[in-house]
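Visitor: Pasting a structure below so you can have a look.
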Amino acid sequence: MGWAWLAAIKDRHDVHVLTARYQRDWIEAEVRNNPAEFSRVRFHYIEPPLWAYDYSNGFWRWQANIPLLVPLFHRYYQRWMRAAYKTARELNRRVHFDLVHQLTFVGFRFPGHLAKLGIPFVWGPIGGLENTPWRLVPAMGIRGAAYYAARNIVNSWHKRFSRAPRKAFAAAGPGVIAATGGIRREIQRWYGVDAEVICEVGLSAQTCNTYAMRRGGEPLRIAWSGLHLPGKALHLLLRALSHVPDTTDWRLDIYGDGPCKLKWQRLAARFGIDSRCTWHGQVSRAEALAGLKSTHLFVTTSLKDLTSTVILEALANGVPVICPDHCGFSDVVSDRCGVRIPIRNVREFEAGLSRAIIEIARDETMRRRLAAGALRSAREFSWEAKAEAIDRVYHRVLAARPEQMTSPLRRRISGPVL
């Protein structure tokens, strides 16, 4: 996500990027292969304190399987951000940046220290402020319910009492970016600041011009994708499908892996629908996208999320989406490209899933109308569109503090991105 945001920013501005040392090898390989693309970008690699995490040593798997480690990683990240601020302060003495942008992580708990530079400050897209609805917590099983209940309590405590986010929101002012409309409302409620809504994910490739056709007698091909964790709640879809009449023919392709996989496979067998489910496991992105191209319908059941990249990828392939009517899904999925299911309680949500699947399976004309709408909707979430949106934020922030503008041309805004 951070790399895609840099791609959206770098063609319009001079950028210094502060990033982790373990990213260095593949970043420099990319720069060597495309030197002209990065002529206005400078990378600065921050040494980690004591120890480092990265994708190769299983950080995300550790976090998924051992939630008690999360505070440890957060502690590490806070120390890393202090080191990044020290580097940014030294750079600013030489370069005199026009503005600074705190980009990732997207969590509101981690505003970093770049606002202390005393120059225009942009922060976001920001996420993490919304709690998981309490009425949905019991649907996650004992382990998931314990985790998300604890998260809700900690989240509410941080929103009320943490001083670092409050100071960062005040410093950013017109430079706050919210990942979703719900996050924007939370920012307004807790911090009294308005925010620009720009979802954290986007599409770098062109959308397709066609969508998969469902021929007469062909089963409805449904896809679900995600980590097999309690919050992703695949079991709600499995239960909903178990209530779909036998007269409705369907097949479910399941992508991803995780600690809940075996439990969910047993659940599908108990419901008597395992013969209609294909468990693909963790596959390459290319393979997953190839699967989407032949899919008739995509369903997400996540009970806690921002905006899922795979939803945008489904829309870009002309695949209608069924989703809960919450989080960032509500900002992306509209009546022209999918169905949003209210989440008043778990039972009603499952019933709504069943009804929507049955209706789409029985009405191919409706499904094709939604598929065509999906292709149109996807174009609104290109990285080109986001580049224009972030440009507006930058110039709005600079207009509020014109005395900070050092570049002769505003098209050559310079600044570090973390």
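By convention here, the chains of the structure tokens are called A, B, ... in the order presented, each chain's residues are numbered starting at 1, and ligands are numbered starting at 1 in the order presented.
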Using DSSP on the backbone coordinates, identify all residues within region 90-272 of chain A classified as strand (DSSP E or B); present the result as a list in words.
Guide: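 Strand (DSSP E or B) members of region 90-272 of chain A, listed: Val100, His101, Gln102, Gly107, Phe121, Val122, Trp123, Gly124, Pro125, Ile126, Gly127, Val176, Ile177, Ala178, Glu196, Val197, Leu203, Leu220, Arg221, Ile222, Ala223, Trp224, Ser225, Trp250, Arg251, Leu252, Asp253, Ile254 and Tyr255 of chain A.
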Visitor: As a PDB file with C-alpha atoms, in the first residue's frame, please: every residue in region 257-363 of chain A that a backbone DSSP assignment puts in helix (DSSP H, G or I).
Guide:
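This is the output file part.pdb:
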ATOM      1  CA  LYS A 261      -9.276 -23.094   8.134  1.00  0.00           C
ATOM      2  CA  LEU A 262      -9.728 -26.577   9.622  1.00  0.00           C
ATOM      3  CA  LYS A 263     -12.625 -25.443  11.799  1.00  0.00           C
ATOM      4  CA  TRP A 264     -14.371 -23.888   8.799  1.00  0.00           C
ATOM      5  CA  GLN A 265     -13.788 -26.974   6.652  1.00  0.00           C
ATOM      6  CA  ARG A 266     -15.408 -29.105   9.339  1.00  0.00           C
ATOM      7  CA  LEU A 267     -18.298 -26.649   9.490  1.00  0.00           C
ATOM      8  CA  ALA A 268     -18.865 -26.937   5.733  1.00  0.00           C
ATOM      9  CA  ALA A 269     -18.899 -30.733   6.075  1.00  0.00           C
ATOM     10  CA  ARG A 270     -21.379 -30.540   8.959  1.00  0.00           C
ATOM     11  CA  PHE A 271     -23.672 -28.358   6.867  1.00  0.00           C
ATOM     12  CA  ASP A 274     -18.358 -29.301   1.476  1.00  0.00           C
ATOM     13  CA  SER A 275     -18.724 -30.893  -1.992  1.00  0.00           C
ATOM     14  CA  ARG A 276     -19.588 -27.452  -3.388  1.00  0.00           C
ATOM     15  CA  ARG A 285      -1.944 -12.799  -6.608  1.00  0.00           C
ATOM     16  CA  ALA A 286      -1.881 -13.697 -10.323  1.00  0.00           C
ATOM     17  CA  GLU A 287      -3.679 -16.975  -9.629  1.00  0.00           C
ATOM     18  CA  ALA A 288      -6.257 -15.281  -7.432  1.00  0.00           C
ATOM     19  CA  LEU A 289      -6.956 -12.648 -10.096  1.00  0.00           C
ATOM     20  CA  ALA A 290      -7.274 -15.352 -12.738  1.00  0.00           C
ATOM     21  CA  GLY A 291      -9.883 -17.012 -10.537  1.00  0.00           C
ATOM     22  CA  LEU A 292     -11.803 -13.743 -10.247  1.00  0.00           C
ATOM     23  CA  LYS A 293     -12.094 -13.456 -14.005  1.00  0.00           C
ATOM     24  CA  THR A 309      -8.115  -4.511  -1.942  1.00  0.00           C
ATOM     25  CA  VAL A 310      -9.779  -7.689  -3.159  1.00  0.00           C
ATOM     26  CA  ILE A 311     -13.146  -5.900  -3.332  1.00  0.00           C
ATOM     27  CA  LEU A 312     -11.662  -3.360  -5.738  1.00  0.00           C
ATOM     28  CA  GLU A 313     -10.053  -6.176  -7.725  1.00  0.00           C
ATOM     29  CA  ALA A 314     -13.415  -7.934  -7.943  1.00  0.00           C
ATOM     30  CA  LEU A 315     -15.085  -4.765  -9.233  1.00  0.00           C
ATOM     31  CA  ALA A 316     -12.267  -4.252 -11.744  1.00  0.00           C
ATOM     32  CA  PHE A 329     -17.314  -1.476   2.171  1.00  0.00           C
ATOM     33  CA  SER A 330     -20.169   1.037   2.418  1.00  0.00           C
ATOM     34  CA  ASP A 331     -18.038   3.660   0.632  1.00  0.00           C
ATOM     35  CA  VAL A 332     -17.101   1.374  -2.268  1.00  0.00           C
ATOM     36  CA  VAL A 346     -25.839 -11.965  13.133  1.00  0.00           C
ATOM     37  CA  ARG A 347     -28.988 -13.950  12.384  1.00  0.00           C
ATOM     38  CA  GLU A 348     -30.465 -11.219  10.202  1.00  0.00           C
ATOM     39  CA  PHE A 349     -27.114 -10.766   8.437  1.00  0.00           C
ATOM     40  CA  GLU A 350     -26.962 -14.469   7.550  1.00  0.00           C
ATOM     41  CA  ALA A 351     -30.563 -14.372   6.308  1.00  0.00           C
ATOM     42  CA  GLY A 352     -29.767 -11.302   4.209  1.00  0.00           C
ATOM     43  CA  LEU A 353     -26.775 -13.090   2.680  1.00  0.00           C
ATOM     44  CA  SER A 354     -28.939 -16.064   1.739  1.00  0.00           C
ATOM     45  CA  ARG A 355     -31.624 -13.878   0.153  1.00  0.00           C
ATOM     46  CA  ALA A 356     -29.114 -11.861  -1.873  1.00  0.00           C
ATOM     47  CA  ILE A 357     -27.353 -14.987  -3.189  1.00  0.00           C
ATOM     48  CA  ILE A 358     -30.668 -16.619  -4.138  1.00  0.00           C
ATOM     49  CA  GLU A 359     -31.885 -13.478  -5.924  1.00  0.00           C
ATOM     50  CA  ILE A 360     -28.675 -13.033  -7.912  1.00  0.00           C
ATOM     51  CA  ALA A 361     -28.566 -16.730  -8.799  1.00  0.00           C
ATOM     52  CA  ARG A 362     -32.120 -16.618 -10.139  1.00  0.00           C
TER      53      ARG A 362
END
Visitor: So that each row is one residue of region 367-402 of chain A with an atom at most 8 Å from region 173-176 of chain A, can you give its shortest atom pair and the distance in Å to one decimal, using only C-alpha atoms, rows by chain and rising number, as JSON lines?
Guide:
{"residue": "A:Val393", "atom": "CA", "partner": "A:Gly175", "partner_atom": "CA", "distance": 6.1}
{"residue": "A:Tyr394", "atom": "CA", "partner": "A:Gly175", "partner_atom": "CA", "distance": 7.2}
{"residue": "A:Arg396", "atom": "CA", "partner": "A:Pro174", "partner_atom": "CA", "distance": 7.0}
{"residue": "A:Val397", "atom": "CA", "partner": "A:Gly175", "partner_atom": "CA", "distance": 5.7}
Visitor: Output the selection as a compact mmCIF listing (two decimals), in the first residue's frame - N, CA, C and O atoms for each residue.
Guide:
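Here's the written file result_6.txt:
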# COMPACT_ATOMS: atom_id res chain seq x y z
N VAL A 393 -5.20 17.90 -1.22
CA VAL A 393 -4.92 18.00 0.21
C VAL A 393 -3.63 18.76 0.44
O VAL A 393 -3.56 19.66 1.29
N TYR A 394 -2.59 18.42 -0.31
CA TYR A 394 -1.30 19.11 -0.15
C TYR A 394 -1.44 20.61 -0.35
O TYR A 394 -0.94 21.42 0.44
N ARG A 396 -4.14 22.43 -0.19
CA ARG A 396 -4.98 23.03 0.84
C ARG A 396 -4.18 23.28 2.11
O ARG A 396 -4.31 24.35 2.74
N VAL A 397 -3.32 22.34 2.47
CA VAL A 397 -2.49 22.50 3.66
C VAL A 397 -1.51 23.66 3.47
O VAL A 397 -1.30 24.47 4.38
Visitor: Rank nothing, just name the residue among A:Val201, A:Ile46, A:Ala212, A:Ala195 nearest to Ala8 (chain A), using only C-alpha atoms.
Guide: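 Selected residue with least distance to Ala8 (chain A): A:Val201.
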Visitor: Under the rule that only C-alpha atoms are counted, which of A:His101, A:Asn152, A:Tyr85, A:Asp246 is the nearest residue to Ile9 (chain A)?
Guide: A:His101
Visitor: From the options A:Pro71, A:Gly258, A:Arg109, A:Val299, which residue's atoms come nearest to Leu238 (chain A), counting only C-alpha atoms?
Guide: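 Going through A:Pro71, A:Gly258, A:Arg109, A:Val299 one by one, the smallest distance to Leu238 (chain A) is for A:Val299.
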Visitor: Which is closer to Trp383 (chain A) than all the others in A:Ile142, A:Thr365, A:His296, A:Cys199, using only C-alpha atoms?
Guide: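 Checking each of A:Ile142, A:Thr365, A:His296, A:Cys199 against Trp383 (chain A), counting only C-alpha atoms, the winner is A:Cys199.
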Visitor: Of the candidates A:Pro120, A:Tyr191, A:Gln23, A:Arg42, which one gets nearest to Arg401 (chain A) if we count only C-alpha atoms?
Guide: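 Of A:Pro120, A:Tyr191, A:Gln23, A:Arg42, the one nearest Arg401 (chain A) is A:Pro120, counting only C-alpha atoms.
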